[in-house]
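Report on the following structure.
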Amino acid sequence: MTGFPVVRMRRLRQNPTIRGMLTEVTLESRHLILPIFVCPGEGECRPIPSFPGVSHWSVDMLPKIAGPAIRNGVKAFLLFGLPTYKDEDGTSAFDKGQPVQRALEFLRKNYPDAVLIADTCMCEYTSHGHCGHLSSDGSVDNDATLELLSKVALSQAAAGAHVIAPSDMMDGRVAAIRSALDGEGFSGVGVMSYAAKHASAFYGPFRDAAGSAPSFGDRRGYQLPSANPREILRDALMDVDEGADILIVKPAVPYLDIAAKLRARTDLPMAGYVVSGEYMLLHSAISAGALERARGLIEYHTAVRRAGCDLVITYFATELAELLGRAGGAAEK
């Protein structure tokens with residue numbers, strides 16, 4: 001291969017127009033999904049102390065967060081809910097009067113072009129904070145939980161969800177939810193599976209926001225072990241076989257290697273979830289003056305796209321979309 005001085009790679013970099021023309025991967029507002037925490041009540045916009053810049057929103061206040069996102073080109077929302085009650089089996093998760101179901105109805109009516117994604121899990125709704133029905137020994141009963149998750153998915157679909165996003169990490173959940181949806185006439189509702197959700201230290205602020213920290217033990221028995229890439233890929237690809245439409249890798253940047261390996265094994269669309277701990281790393285670095293806000297946020301989220309993710313779930317979605325709009329609608333990788 002001919003090298004320097006015949007080949008001068010800088011010829012493709014020095015002119016900004018040429019750089020833009022040759023951009024291989026872009027980050028655009030259409031790639032972004034904004035998570036929203038919906039709470040009971042009216043007139044509620046409660047900042048979350050451990051999660052600066054993120055709030056709990058009552059249904060009537062959703063235009064305050066959804067409106068700016070949509071105006072900047074973000075048209076997909078991932079909904080989490082704080083219920084009015086909790087019990088052993090998390091039955092409020094499939095109660096049509098709870099915040100997520102009410103939010104789905106509200107957003108579907110007021111923002112018909114938005115894509116509504118419902119997080120489907122039990123941890124926010126159970127009195128013990130685990131992601132399903134507990135056996136007598138305190139472990140999560142996988143198969144009994146599948147029945148509960150199917151009820152939740154049906155409730156969310158009936159309320160207006162375009163996509164169901166199971167995050168519980170039970171074996172067989174995608175097949176169970178797909179079967180339940182199809183059986184009740186919701187064959188057009190997609191399943192966006194948390195296919196590679198790791199037992200991570202990066203979820204702290206989220207658990208404060210969702211009130212979902214387990215009251216005992218941890219979730220290592222069902223979430224994925226970060227040191228086992230072969231096991232992670234095997235687990236994620238089972239969701240492909242069970243009928244998932246989109247896969248999620250969570251957290252995003254700490255697991256870019258998993259995203260890249262998964263991309264090499266499947267053509268399904270993928271999303272990377274920039275989780276609450278990652279948000280706080282960026283927020284803290286920016287607040288300390290150690291990271292330039294605009295460039296830092298764009299570069300960090302672009303890494304998720306570069307690893308092979310089609311979509312990026314991020315609490316920075318609206319700000320990123322605004323920044324990208326100022327930059328001309330897309331950012332270089």
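Going through the structure tokens in order, the chains are called A, B, and so on, while each chain numbers its residues from 1 and the ligands are numbered from 1 in the order shown.
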
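Excluding A:Tyr279 itself and any same-chain residue fewer than 5 positions from it, the protein and nucleic acid residues within 9 Å of it, counting only C-alpha atoms, are A:Phe51, A:Val274, A:Ser284, A:Thr314, A:Tyr315, A:Phe316.
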
Expected file contents, prior selection, C-alpha atoms, as a short mmCIF file (atom, residue, chain, number, x, y, z; two decimals), in the first residue's frame:
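Listed below is the output, result-v4.cif:
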data_model
loop_
_atom_site.label_atom_id
_atom_site.label_comp_id
_atom_site.auth_asym_id
_atom_site.auth_seq_id
_atom_site.Cartn_x
_atom_site.Cartn_y
_atom_site.Cartn_z
CA PHE A 51 -30.59 13.58 39.65
CA VAL A 274 -27.10 6.35 28.54
CA SER A 284 -20.40 16.50 37.25
CA THR A 314 -30.71 9.69 27.09
CA TYR A 315 -31.86 12.23 29.66
CA PHE A 316 -29.93 14.79 27.59
#

When DSSP is applied to the backbone of this structure, which of stretch 92-305 of chain A are assigned strand (DSSP E or B)? Write them out as JSON, numbers by chain. {"A": [115, 116, 117, 118, 119, 120, 126, 134, 140, 163, 164, 165, 166, 190, 191, 192, 193, 194, 195, 196, 197, 198, 224, 246, 247, 248, 249, 250, 270, 271, 272, 273, 274]}

Surrounding residues of A:Pro35 excluding itself and chain neighbours under 6 positions, 8 Å, only C-alpha atoms, as a PyMOL selection string: chain A and resi 77-80+313-315

Please, could you write that set of residues out with N, CA and C atoms as a PDB file, in the first residue's frame?
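Produced file part.pdb, reproduced below:
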ATOM      1  N   PHE A  77     -40.553   8.886  23.416  1.00  0.00           N
ATOM      2  CA  PHE A  77     -40.482   9.005  24.865  1.00  0.00           C
ATOM      3  C   PHE A  77     -40.579   7.629  25.509  1.00  0.00           C
ATOM      4  N   LEU A  78     -39.725   7.406  26.508  1.00  0.00           N
ATOM      5  CA  LEU A  78     -39.732   6.176  27.293  1.00  0.00           C
ATOM      6  C   LEU A  78     -40.286   6.509  28.670  1.00  0.00           C
ATOM      7  N   LEU A  79     -41.421   5.911  29.023  1.00  0.00           N
ATOM      8  CA  LEU A  79     -42.142   6.304  30.222  1.00  0.00           C
ATOM      9  C   LEU A  79     -41.909   5.355  31.389  1.00  0.00           C
ATOM     10  N   PHE A  80     -41.595   5.951  32.543  1.00  0.00           N
ATOM     11  CA  PHE A  80     -41.501   5.258  33.824  1.00  0.00           C
ATOM     12  C   PHE A  80     -42.517   5.887  34.761  1.00  0.00           C
ATOM     13  N   ILE A 313     -31.021   6.311  23.978  1.00  0.00           N
ATOM     14  CA  ILE A 313     -31.925   6.724  25.047  1.00  0.00           C
ATOM     15  C   ILE A 313     -31.108   7.565  26.015  1.00  0.00           C
ATOM     16  N   THR A 314     -31.529   8.807  26.247  1.00  0.00           N
ATOM     17  CA  THR A 314     -30.712   9.686  27.087  1.00  0.00           C
ATOM     18  C   THR A 314     -31.547  10.785  27.717  1.00  0.00           C
ATOM     19  N   TYR A 315     -31.207  11.127  28.955  1.00  0.00           N
ATOM     20  CA  TYR A 315     -31.861  12.231  29.658  1.00  0.00           C
ATOM     21  C   TYR A 315     -31.429  13.576  29.078  1.00  0.00           C
TER      22      TYR A 315
END

Compile a residue-level contact table for stretch 216-296 of chain A against stretch 186-203 of chain A at a cut-off of 7 Å, reporting for every qualifying residue the shortest atom pair and its distance in Å to one decimal, with only C-alpha atoms counted, rows ordered by chain and ascending number, as a Markdown table.
| residue | atom | partner | partner_atom | distance |
| --- | --- | --- | --- | --- |
| A:Arg219 | CA | A:Ala199 | CA | 6.6 |
| A:Arg220 | CA | A:Ala199 | CA | 5.7 |
| A:Gln223 | CA | A:Ala199 | CA | 5.0 |
| A:Leu224 | CA | A:His198 | CA | 4.3 |
| A:Pro225 | CA | A:Ala199 | CA | 5.9 |
| A:Ser226 | CA | A:His198 | CA | 6.0 |
| A:Ile232 | CA | A:Ala196 | CA | 6.4 |
| A:Ala236 | CA | A:Ala195 | CA | 4.5 |
| A:Asp239 | CA | A:Ala195 | CA | 6.3 |
| A:Ala244 | CA | A:Val191 | CA | 5.2 |
| A:Asp245 | CA | A:Val191 | CA | 5.4 |
| A:Ile246 | CA | A:Met192 | CA | 4.5 |
| A:Leu247 | CA | A:Ser193 | CA | 5.0 |
| A:Ile248 | CA | A:Tyr194 | CA | 4.6 |
| A:Val249 | CA | A:Ala196 | CA | 4.8 |
| A:Lys250 | CA | A:Lys197 | CA | 4.8 |
| A:Val275 | CA | A:Tyr203 | CA | 6.6 |
| A:Ser276 | CA | A:Tyr203 | CA | 5.7 |
| A:Gly277 | CA | A:Phe202 | CA | 4.2 |
| A:Glu278 | CA | A:Phe202 | CA | 6.7 |

Pick out the residues sitting within 8 Å of A:Arg173, and hand them over as a tab-separated table (two decimals) with C-alpha atoms, in the first residue's frame; count only C-alpha atoms, and ignore anything fewer than 5 positions along from it in its own chain.
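Result file is part.tsv:
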chain	number	residue	atom	x	y	z
A	146	LEU	CA	-44.04	-13.71	33.07
A	149	LEU	CA	-45.45	-8.84	32.82
A	166	PRO	CA	-39.50	-5.17	29.10

I need the residues in stretch 85-276 of chain A that are alpha helix (DSSP H) according to DSSP; give them as a PyMOL selection string. chain A and resi 99-110+142-159+173-183+204-210+229-242+256-265+276

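Closest to A:Ala321 among A:Val174, A:Val25, A:Ala294, A:Cys45 is A:Ala294, based on only C-alpha atoms.
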